[in-house]
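For reference, the structure is listed below as structure tokens.
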Amino acid sequence: MEEDKFALVEKIIKDVHNVLSKIADLYAFDVVPMDINFQNKSPVLHLENCLGLESWCVKHVYMYCYSELMDKYSPKFKRKSKKISNIDSDRLIRLLNVTILLNPEINSLWNKRRDLVLGLLLDKTVELHFIRLVLSRKPKCNEAFVYRRWLLETIFQENYERNSIEHLINDELIICDLASDKSPNNYHSWNHRIWLLNKVKTISTYYDPNALYIKEYNSSEKWTSKHVSDFSCFHYHQYCIKNLYNLCNDSWKSLEKTLNINFRKNLVRVLASNFPKDVTIQASEENLLGYSEENLMNLLLSYSNKICNCIVNYVPMCKKIEILFHALVLNNELICFYKYHETLWYHRRFILHEIISIMYEHFGLVRYNGALVKKNCKICNFDDMRQKQAKIGRYDTNHIYSSVLFNVILSHEKQIIEERQKDGDPNADRHEKYLKFVEGFNNVM
């Protein structure tokens, strides 16, 4: 009886190997629920480029393959395992294929595949395709993403042809989309996406990352509008927002064309509706649209007391403000449409924190132990840099609290908090407390 069972398991292993080796277009694997083998046929299913295994045999196949892997290919008492021959490698690959497809969350099995890749016994491109099958069933498998990053690192080091790099990047983005779509709050797939964009920065001499940043910002913005409770995606969207801060003029125009939006108009619209009433500002919306970046920033921030001789570049500062206000407007719409979603309020905190950080940077400030103190410039102020424990002086906050941008933000937030409180949203009260006790608005709210 035992021999018959082992013969069946061997046949299953062989069938799975045959499907994997002959069908290059496989894109999904799963276990098909079936308690008993009614039809007395192979439990390996192959239909429309999808691979399946009937559930009644999973336990027997997995234990058989795992036991042989641990007994023959993972010696416990030898520090150095013997070199794997071609015959042994073929058997090892077959066992690893079945075992990892059924349970991919074992690092030692992935390490065996690494050894096979380093020994040129496994093709890297084939391995990338195999990981896709694993992720089709286990989209949150961190071990699979780690192994995939290791493979991509080695591929990027060997080949820098532009076409192949673009193909690899597009494939990774598609796989991340599939994994994120199958499993909500999939931090592993979104973090893999962040790693990919960071990797593109290191090979920027061969590949222009700005177009990718724009594409990813656009796609993540659409995704967040449809998945308002998926904070892992919002975290990635925040990363994409930061990537847009230093776009060149041509890329900035391409961004506005891609989104079909004028960032300056959005900013001006919010400013005009929230200008402080006790300040006379001789500028209409049409006039503000014609302002240069320097004039607009001088209007919003006006005063700077930085102990620094560095020349301020107002263009990137203005772009940051425009992007963040665009994100703020979108957040307003989502909060009003999708009520009581805490993730949207957390994203709002990020936007406001970024805007406030820009103001602090302009005024030469930093928040230290809850208080605003002067910030020494690391470029100009060499004397203060040499002092390990420089005295921290208290700063007169009237300048920042009286700036137009701060009052616009304050008025805008008060309005949204009041509207949501009337609608009974408990997140509005939490947001008000955040502004008071984390961002330091307790003296003005």
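Quick note on naming: the chains in the structure tokens go A, B, ... in the order shown, residues restart at 1 in each chain, and ligands are numbered from 1 in order of appearance.
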Selection: 8 Å around region 295-304 of chain A, only C-alpha atoms, excl. self and same-chain fewer than 5 positions, as a PyMOL selection string: chain A and resi 288+314+317-318+359+362-364+399-400+403-405
Keeping only C-alpha atoms, write the selected residues to a file as a PDB file, in the first residue's frame.
```pdb
ATOM      1  CA  LEU A 288      -1.849  84.897  -8.646  1.00  0.00           C
ATOM      2  CA  TYR A 314      11.905  79.057  -4.914  1.00  0.00           C
ATOM      3  CA  MET A 317       9.653  74.912  -3.141  1.00  0.00           C
ATOM      4  CA  CYS A 318       6.686  76.161  -5.142  1.00  0.00           C
ATOM      5  CA  MET A 359       7.482  76.213   6.207  1.00  0.00           C
ATOM      6  CA  HIS A 362      11.982  78.223   5.030  1.00  0.00           C
ATOM      7  CA  PHE A 363      12.026  79.883   8.444  1.00  0.00           C
ATOM      8  CA  GLY A 364      15.112  77.973   9.552  1.00  0.00           C
ATOM      9  CA  HIS A 399       6.583  85.029  12.207  1.00  0.00           C
ATOM     10  CA  ILE A 400       5.443  81.577  11.154  1.00  0.00           C
ATOM     11  CA  SER A 403       2.463  83.939   7.511  1.00  0.00           C
ATOM     12  CA  VAL A 404      -0.245  83.722   4.853  1.00  0.00           C
ATOM     13  CA  LEU A 405       0.396  80.035   4.107  1.00  0.00           C
TER      14      LEU A 405
END
```
If we count only C-alpha atoms and set the cut-off at 12 Å, which residues sit around Thr125 (chain A), ignoring sequence neighbours fewer than 5 positions away in its own chain? Please answer as a short mmCIF file (atom, residue, chain, number, x, y, z; two decimals) with N, CA and C atoms, in the first residue's frame.
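That gives us result26.cif:
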```cif
data_model
loop_
_atom_site.label_atom_id
_atom_site.label_comp_id
_atom_site.auth_asym_id
_atom_site.auth_seq_id
_atom_site.Cartn_x
_atom_site.Cartn_y
_atom_site.Cartn_z
N ALA A 24 5.45 27.46 -21.21
CA ALA A 24 6.16 28.68 -20.80
C ALA A 24 5.22 29.81 -20.41
N VAL A 117 21.07 28.55 -8.73
CA VAL A 117 21.27 29.67 -9.67
C VAL A 117 22.75 30.03 -9.74
N PHE A 130 8.81 31.39 -12.38
CA PHE A 130 8.36 30.47 -11.34
C PHE A 130 7.85 31.24 -10.11
N ILE A 131 8.52 32.33 -9.76
CA ILE A 131 8.09 33.13 -8.61
C ILE A 131 6.72 33.73 -8.88
N ARG A 132 6.47 34.07 -10.13
CA ARG A 132 5.15 34.60 -10.47
C ARG A 132 4.05 33.57 -10.17
N ARG A 148 13.10 37.23 -5.31
CA ARG A 148 12.94 37.93 -6.58
C ARG A 148 13.86 39.15 -6.65
N LEU A 151 17.39 37.99 -7.35
CA LEU A 151 17.56 37.66 -8.76
C LEU A 151 17.72 38.91 -9.61
N LEU A 152 16.87 39.91 -9.35
CA LEU A 152 16.92 41.14 -10.14
C LEU A 152 18.24 41.88 -9.92
N THR A 154 21.15 40.56 -9.38
CA THR A 154 22.17 39.89 -10.20
C THR A 154 21.96 40.17 -11.69
N ILE A 155 20.70 40.25 -12.12
CA ILE A 155 20.42 40.52 -13.53
C ILE A 155 20.83 41.94 -13.90
N SER A 164 16.01 45.66 -22.35
CA SER A 164 15.82 44.59 -21.37
C SER A 164 15.45 45.16 -20.00
N HIS A 167 11.82 46.14 -20.06
CA HIS A 167 10.98 44.93 -20.03
C HIS A 167 10.89 44.37 -18.61
N LEU A 168 12.03 44.32 -17.92
CA LEU A 168 12.04 43.83 -16.54
C LEU A 168 11.21 44.71 -15.62
N ASP A 171 7.51 44.20 -16.24
CA ASP A 171 7.07 42.91 -15.69
C ASP A 171 6.89 42.99 -14.18
#
```
Distance of CA of Tyr147 (chain A) from CA of Ile12 (chain A), expressed in Å to one decimal place: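 Result for CA of Ile12 (chain A) versus CA of Tyr147 (chain A): 25.8 Å, one decimal.
Relative to CA of Pro43 (chain A), CA of Ala7 (chain A) is found at 13.4 Å.
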Surrounding residues of region 211-224 of chain A excluding itself and chain neighbours under 2 positions, 8 Å, only C-alpha atoms, as a ChimeraX atom specification: /A:197,208-209,226-228,230,233-234,236-237,240-241,243-244,251,255,258-259
Distance query Val444 (chain A) at most 10 Å, only C-alpha atoms, self and fewer than 2 positions along chain excluded, as a PyMOL selection string: chain A and resi 401+407+410+436+440-442
Generate a file of the selected residues that holds all heavy atoms, formatted as a PDB file, in the first residue's frame.
```pdb
ATOM      1  N   TYR A 401       3.427  81.923  12.507  1.00  0.00           N
ATOM      2  CA  TYR A 401       1.987  81.920  12.732  1.00  0.00           C
ATOM      3  C   TYR A 401       1.282  83.053  11.998  1.00  0.00           C
ATOM      4  O   TYR A 401       0.084  82.984  11.737  1.00  0.00           O
ATOM      5  CB  TYR A 401       1.680  82.013  14.231  1.00  0.00           C
ATOM      6  CG  TYR A 401       2.014  80.748  14.996  1.00  0.00           C
ATOM      7  CD1 TYR A 401       2.229  80.772  16.363  1.00  0.00           C
ATOM      8  CD2 TYR A 401       2.119  79.524  14.332  1.00  0.00           C
ATOM      9  CE1 TYR A 401       2.538  79.613  17.062  1.00  0.00           C
ATOM     10  CE2 TYR A 401       2.438  78.367  15.020  1.00  0.00           C
ATOM     11  CZ  TYR A 401       2.647  78.416  16.380  1.00  0.00           C
ATOM     12  OH  TYR A 401       2.952  77.271  17.065  1.00  0.00           O
ATOM     13  N   ASN A 407      -1.857  80.558   7.834  1.00  0.00           N
ATOM     14  CA  ASN A 407      -3.245  80.922   8.107  1.00  0.00           C
ATOM     15  C   ASN A 407      -4.211  80.285   7.104  1.00  0.00           C
ATOM     16  O   ASN A 407      -5.356  79.968   7.454  1.00  0.00           O
ATOM     17  CB  ASN A 407      -3.394  82.445   8.089  1.00  0.00           C
ATOM     18  CG  ASN A 407      -2.879  83.083   9.370  1.00  0.00           C
ATOM     19  OD1 ASN A 407      -3.571  83.128  10.379  1.00  0.00           O
ATOM     20  ND2 ASN A 407      -1.638  83.572   9.328  1.00  0.00           N
ATOM     21  N   LEU A 410      -4.524  76.750   8.357  1.00  0.00           N
ATOM     22  CA  LEU A 410      -5.324  76.742   9.581  1.00  0.00           C
ATOM     23  C   LEU A 410      -6.812  76.914   9.273  1.00  0.00           C
ATOM     24  O   LEU A 410      -7.663  76.172   9.795  1.00  0.00           O
ATOM     25  CB  LEU A 410      -4.835  77.855  10.514  1.00  0.00           C
ATOM     26  CG  LEU A 410      -5.509  77.959  11.880  1.00  0.00           C
ATOM     27  CD1 LEU A 410      -5.275  76.690  12.693  1.00  0.00           C
ATOM     28  CD2 LEU A 410      -4.996  79.182  12.640  1.00  0.00           C
ATOM     29  N   LYS A 436      -3.156  69.856  17.123  1.00  0.00           N
ATOM     30  CA  LYS A 436      -2.846  70.621  18.335  1.00  0.00           C
ATOM     31  C   LYS A 436      -1.591  70.107  19.037  1.00  0.00           C
ATOM     32  O   LYS A 436      -0.697  70.889  19.381  1.00  0.00           O
ATOM     33  CB  LYS A 436      -4.033  70.560  19.302  1.00  0.00           C
ATOM     34  CG  LYS A 436      -5.217  71.422  18.906  1.00  0.00           C
ATOM     35  CD  LYS A 436      -6.314  71.325  19.962  1.00  0.00           C
ATOM     36  CE  LYS A 436      -7.496  72.231  19.613  1.00  0.00           C
ATOM     37  NZ  LYS A 436      -8.577  72.148  20.621  1.00  0.00           N
ATOM     38  N   GLY A 440       1.712  71.137  16.854  1.00  0.00           N
ATOM     39  CA  GLY A 440       1.913  72.361  17.621  1.00  0.00           C
ATOM     40  C   GLY A 440       0.921  73.471  17.346  1.00  0.00           C
ATOM     41  O   GLY A 440       1.266  74.649  17.480  1.00  0.00           O
ATOM     42  N   PHE A 441      -0.304  73.126  16.955  1.00  0.00           N
ATOM     43  CA  PHE A 441      -1.326  74.138  16.663  1.00  0.00           C
ATOM     44  C   PHE A 441      -2.166  74.489  17.902  1.00  0.00           C
ATOM     45  O   PHE A 441      -3.163  75.176  17.789  1.00  0.00           O
ATOM     46  CB  PHE A 441      -2.283  73.640  15.569  1.00  0.00           C
ATOM     47  CG  PHE A 441      -1.718  73.711  14.178  1.00  0.00           C
ATOM     48  CD1 PHE A 441      -0.371  73.544  13.943  1.00  0.00           C
ATOM     49  CD2 PHE A 441      -2.554  73.964  13.093  1.00  0.00           C
ATOM     50  CE1 PHE A 441       0.143  73.605  12.652  1.00  0.00           C
ATOM     51  CE2 PHE A 441      -2.045  74.022  11.796  1.00  0.00           C
ATOM     52  CZ  PHE A 441      -0.691  73.843  11.594  1.00  0.00           C
ATOM     53  N   ASN A 442      -1.755  73.997  19.073  1.00  0.00           N
ATOM     54  CA  ASN A 442      -2.597  74.168  20.254  1.00  0.00           C
ATOM     55  C   ASN A 442      -2.756  75.640  20.656  1.00  0.00           C
ATOM     56  O   ASN A 442      -3.726  76.014  21.320  1.00  0.00           O
ATOM     57  CB  ASN A 442      -2.033  73.378  21.430  1.00  0.00           C
ATOM     58  CG  ASN A 442      -0.581  73.709  21.718  1.00  0.00           C
ATOM     59  OD1 ASN A 442       0.215  73.774  20.782  1.00  0.00           O
ATOM     60  ND2 ASN A 442      -0.242  73.914  22.965  1.00  0.00           N
TER      61      ASN A 442
END
```
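Our summary of the geometry notes that CA of Tyr239 (chain A) is positioned 10.4 Å from CA of Arg193 (chain A).
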Selected residue of minimal separation from Ile409 (chain A) among A:Pro276, A:Gly290, A:Gly370, A:Pro316, counting only C-alpha atoms: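 The shortest atom-to-atom distance to Ile409 (chain A) comes from A:Pro276.
When DSSP reads the backbone of this structure, the residues of region 129-370 of chain A it assigns to strand (DSSP E or B) are Leu365, Val366, Arg367 and Tyr368 of chain A.
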Go ahead and write the residues just picked, all heavy atoms, as an mmCIF file, in the first residue's frame.
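Written file, selection.cif:
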```cif
data_model
loop_
_atom_site.group_PDB
_atom_site.id
_atom_site.type_symbol
_atom_site.label_atom_id
_atom_site.label_comp_id
_atom_site.auth_asym_id
_atom_site.auth_seq_id
_atom_site.Cartn_x
_atom_site.Cartn_y
_atom_site.Cartn_z
ATOM 1 N N LEU A 365 13.739 76.569 10.970
ATOM 2 C CA LEU A 365 13.294 76.007 12.246
ATOM 3 C C LEU A 365 13.312 74.493 12.207
ATOM 4 O O LEU A 365 13.325 73.870 11.146
ATOM 5 C CB LEU A 365 11.869 76.466 12.568
ATOM 6 C CG LEU A 365 11.615 77.968 12.662
ATOM 7 C CD1 LEU A 365 10.151 78.232 12.880
ATOM 8 C CD2 LEU A 365 12.426 78.573 13.786
ATOM 9 N N VAL A 366 13.281 73.918 13.389
ATOM 10 C CA VAL A 366 13.129 72.484 13.542
ATOM 11 C C VAL A 366 12.404 72.241 14.864
ATOM 12 O O VAL A 366 12.572 73.010 15.826
ATOM 13 C CB VAL A 366 14.495 71.755 13.512
ATOM 14 C CG1 VAL A 366 15.357 72.153 14.692
ATOM 15 C CG2 VAL A 366 14.300 70.255 13.457
ATOM 16 N N ARG A 367 11.550 71.224 14.896
ATOM 17 C CA ARG A 367 10.839 70.919 16.140
ATOM 18 C C ARG A 367 11.690 69.968 16.970
ATOM 19 O O ARG A 367 12.036 68.881 16.540
ATOM 20 C CB ARG A 367 9.476 70.299 15.831
ATOM 21 C CG ARG A 367 8.586 70.135 17.057
ATOM 22 C CD ARG A 367 7.160 69.835 16.677
ATOM 23 N NE ARG A 367 6.509 70.982 16.085
ATOM 24 C CZ ARG A 367 6.002 71.999 16.776
ATOM 25 N NH1 ARG A 367 6.097 72.006 18.103
ATOM 26 N NH2 ARG A 367 5.426 72.996 16.162
ATOM 27 N N TYR A 368 12.011 70.400 18.179
ATOM 28 C CA TYR A 368 12.873 69.627 19.072
ATOM 29 C C TYR A 368 12.185 69.491 20.422
ATOM 30 O O TYR A 368 11.927 70.493 21.098
ATOM 31 C CB TYR A 368 14.236 70.321 19.235
ATOM 32 C CG TYR A 368 15.227 69.545 20.082
ATOM 33 C CD1 TYR A 368 15.995 68.535 19.517
ATOM 34 C CD2 TYR A 368 15.384 69.829 21.439
ATOM 35 C CE1 TYR A 368 16.900 67.829 20.283
ATOM 36 C CE2 TYR A 368 16.291 69.129 22.212
ATOM 37 C CZ TYR A 368 17.050 68.121 21.623
ATOM 38 O OH TYR A 368 17.946 67.418 22.388
#
```
Test item: residues at most 12 Å from Lys41 (chain A), only C-alpha atoms, excluding those fewer than 3 positions along its chain, as a PyMOL selection string: chain A and resi 8+11-12+15+36-38+44-45+53-54+57
Now that the selection is made, can you save its residues with all heavy atoms as a compact mmCIF listing (two decimals), in the first residue's frame?
```
# COMPACT_ATOMS: atom_id res chain seq x y z
N LEU A 8 2.44 6.96 -6.66
CA LEU A 8 1.51 8.02 -7.06
C LEU A 8 2.14 9.39 -6.85
O LEU A 8 2.03 10.27 -7.71
CB LEU A 8 0.21 7.90 -6.26
CG LEU A 8 -0.82 9.01 -6.50
CD1 LEU A 8 -1.26 9.03 -7.96
CD2 LEU A 8 -2.03 8.82 -5.59
N LYS A 11 4.60 10.10 -9.52
CA LYS A 11 3.92 10.45 -10.77
C LYS A 11 3.44 11.92 -10.71
O LYS A 11 3.52 12.64 -11.71
CB LYS A 11 2.73 9.53 -11.00
CG LYS A 11 2.02 9.77 -12.34
CD LYS A 11 0.90 8.80 -12.57
CE LYS A 11 0.29 8.95 -13.97
NZ LYS A 11 -0.08 10.32 -14.31
N ILE A 12 2.97 12.35 -9.55
CA ILE A 12 2.52 13.75 -9.39
C ILE A 12 3.69 14.71 -9.56
O ILE A 12 3.59 15.72 -10.25
CB ILE A 12 1.85 13.94 -8.02
CG1 ILE A 12 0.54 13.16 -7.94
CG2 ILE A 12 1.60 15.42 -7.75
CD1 ILE A 12 -0.08 13.11 -6.57
N ASP A 15 4.53 14.86 -13.24
CA ASP A 15 3.53 15.60 -14.01
C ASP A 15 3.68 17.11 -13.80
O ASP A 15 3.58 17.89 -14.76
CB ASP A 15 2.11 15.16 -13.60
CG ASP A 15 1.79 13.75 -14.08
OD1 ASP A 15 2.52 13.24 -14.94
OD2 ASP A 15 0.80 13.16 -13.56
N ILE A 36 -11.78 13.62 -2.33
CA ILE A 36 -11.51 12.25 -2.76
C ILE A 36 -11.27 12.23 -4.26
O ILE A 36 -11.85 13.01 -5.01
CB ILE A 36 -12.69 11.31 -2.41
CG1 ILE A 36 -12.99 11.36 -0.91
CG2 ILE A 36 -12.40 9.87 -2.83
CD1 ILE A 36 -14.23 10.58 -0.52
N ASN A 37 -10.40 11.31 -4.70
CA ASN A 37 -10.13 11.15 -6.12
C ASN A 37 -11.21 10.27 -6.75
O ASN A 37 -11.08 9.05 -6.86
CB ASN A 37 -8.74 10.52 -6.32
CG ASN A 37 -8.35 10.48 -7.79
OD1 ASN A 37 -8.97 11.14 -8.63
ND2 ASN A 37 -7.34 9.69 -8.10
N PHE A 38 -12.30 10.89 -7.19
CA PHE A 38 -13.44 10.15 -7.72
C PHE A 38 -13.13 9.49 -9.07
O PHE A 38 -13.56 8.37 -9.34
CB PHE A 38 -14.65 11.08 -7.88
CG PHE A 38 -15.22 11.55 -6.58
CD1 PHE A 38 -14.98 12.85 -6.13
CD2 PHE A 38 -15.99 10.71 -5.78
CE1 PHE A 38 -15.51 13.28 -4.94
CE2 PHE A 38 -16.51 11.14 -4.58
CZ PHE A 38 -16.26 12.44 -4.14
N VAL A 44 -3.00 16.33 -10.98
CA VAL A 44 -2.37 17.52 -11.56
C VAL A 44 -3.26 18.04 -12.68
O VAL A 44 -3.51 17.33 -13.67
CB VAL A 44 -0.96 17.22 -12.09
CG1 VAL A 44 -0.33 18.46 -12.71
CG2 VAL A 44 -0.08 16.68 -10.96
N LEU A 45 -3.74 19.27 -12.53
CA LEU A 45 -4.67 19.85 -13.50
C LEU A 45 -3.98 20.96 -14.28
O LEU A 45 -3.24 21.78 -13.72
CB LEU A 45 -5.89 20.43 -12.77
CG LEU A 45 -6.60 19.47 -11.79
CD1 LEU A 45 -7.72 20.20 -11.07
CD2 LEU A 45 -7.15 18.26 -12.54
N LEU A 53 -3.61 21.65 -8.43
CA LEU A 53 -3.38 20.37 -7.77
C LEU A 53 -4.55 20.09 -6.84
O LEU A 53 -4.92 20.95 -6.02
CB LEU A 53 -2.06 20.41 -6.97
CG LEU A 53 -1.57 19.09 -6.39
CD1 LEU A 53 -1.25 18.10 -7.51
CD2 LEU A 53 -0.35 19.31 -5.52
N GLU A 54 -5.15 18.91 -6.98
CA GLU A 54 -6.31 18.57 -6.16
C GLU A 54 -5.91 18.45 -4.69
O GLU A 54 -4.85 17.89 -4.37
CB GLU A 54 -6.94 17.27 -6.67
CG GLU A 54 -7.53 17.42 -8.07
CD GLU A 54 -8.11 16.11 -8.60
OE1 GLU A 54 -8.02 15.08 -7.88
OE2 GLU A 54 -8.66 16.11 -9.73
N CYS A 57 -4.49 15.24 -2.30
CA CYS A 57 -3.14 14.69 -2.33
C CYS A 57 -2.08 15.63 -1.79
O CYS A 57 -0.91 15.26 -1.70
CB CYS A 57 -2.78 14.29 -3.77
SG CYS A 57 -2.57 15.71 -4.87
```
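Shortest separation to Asn185 (chain A) among A:Ile23, A:Ser232, A:Leu51, A:Tyr207 occurs at residue A:Ser232, atoms counted being only C-alpha atoms.
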Close residues, region 418-430 of chain A itself excluded, 9 Å, only C-alpha atoms, min 3 positions apart in chain, as a ChimeraX atom specification: /A:335-336,339-342,345,413-415,433-435
Residue set, region 1-100 of chain A restricted to alpha helix (DSSP H), as a PyMOL selection string: chain A and resi 2-22+58-72+86-100
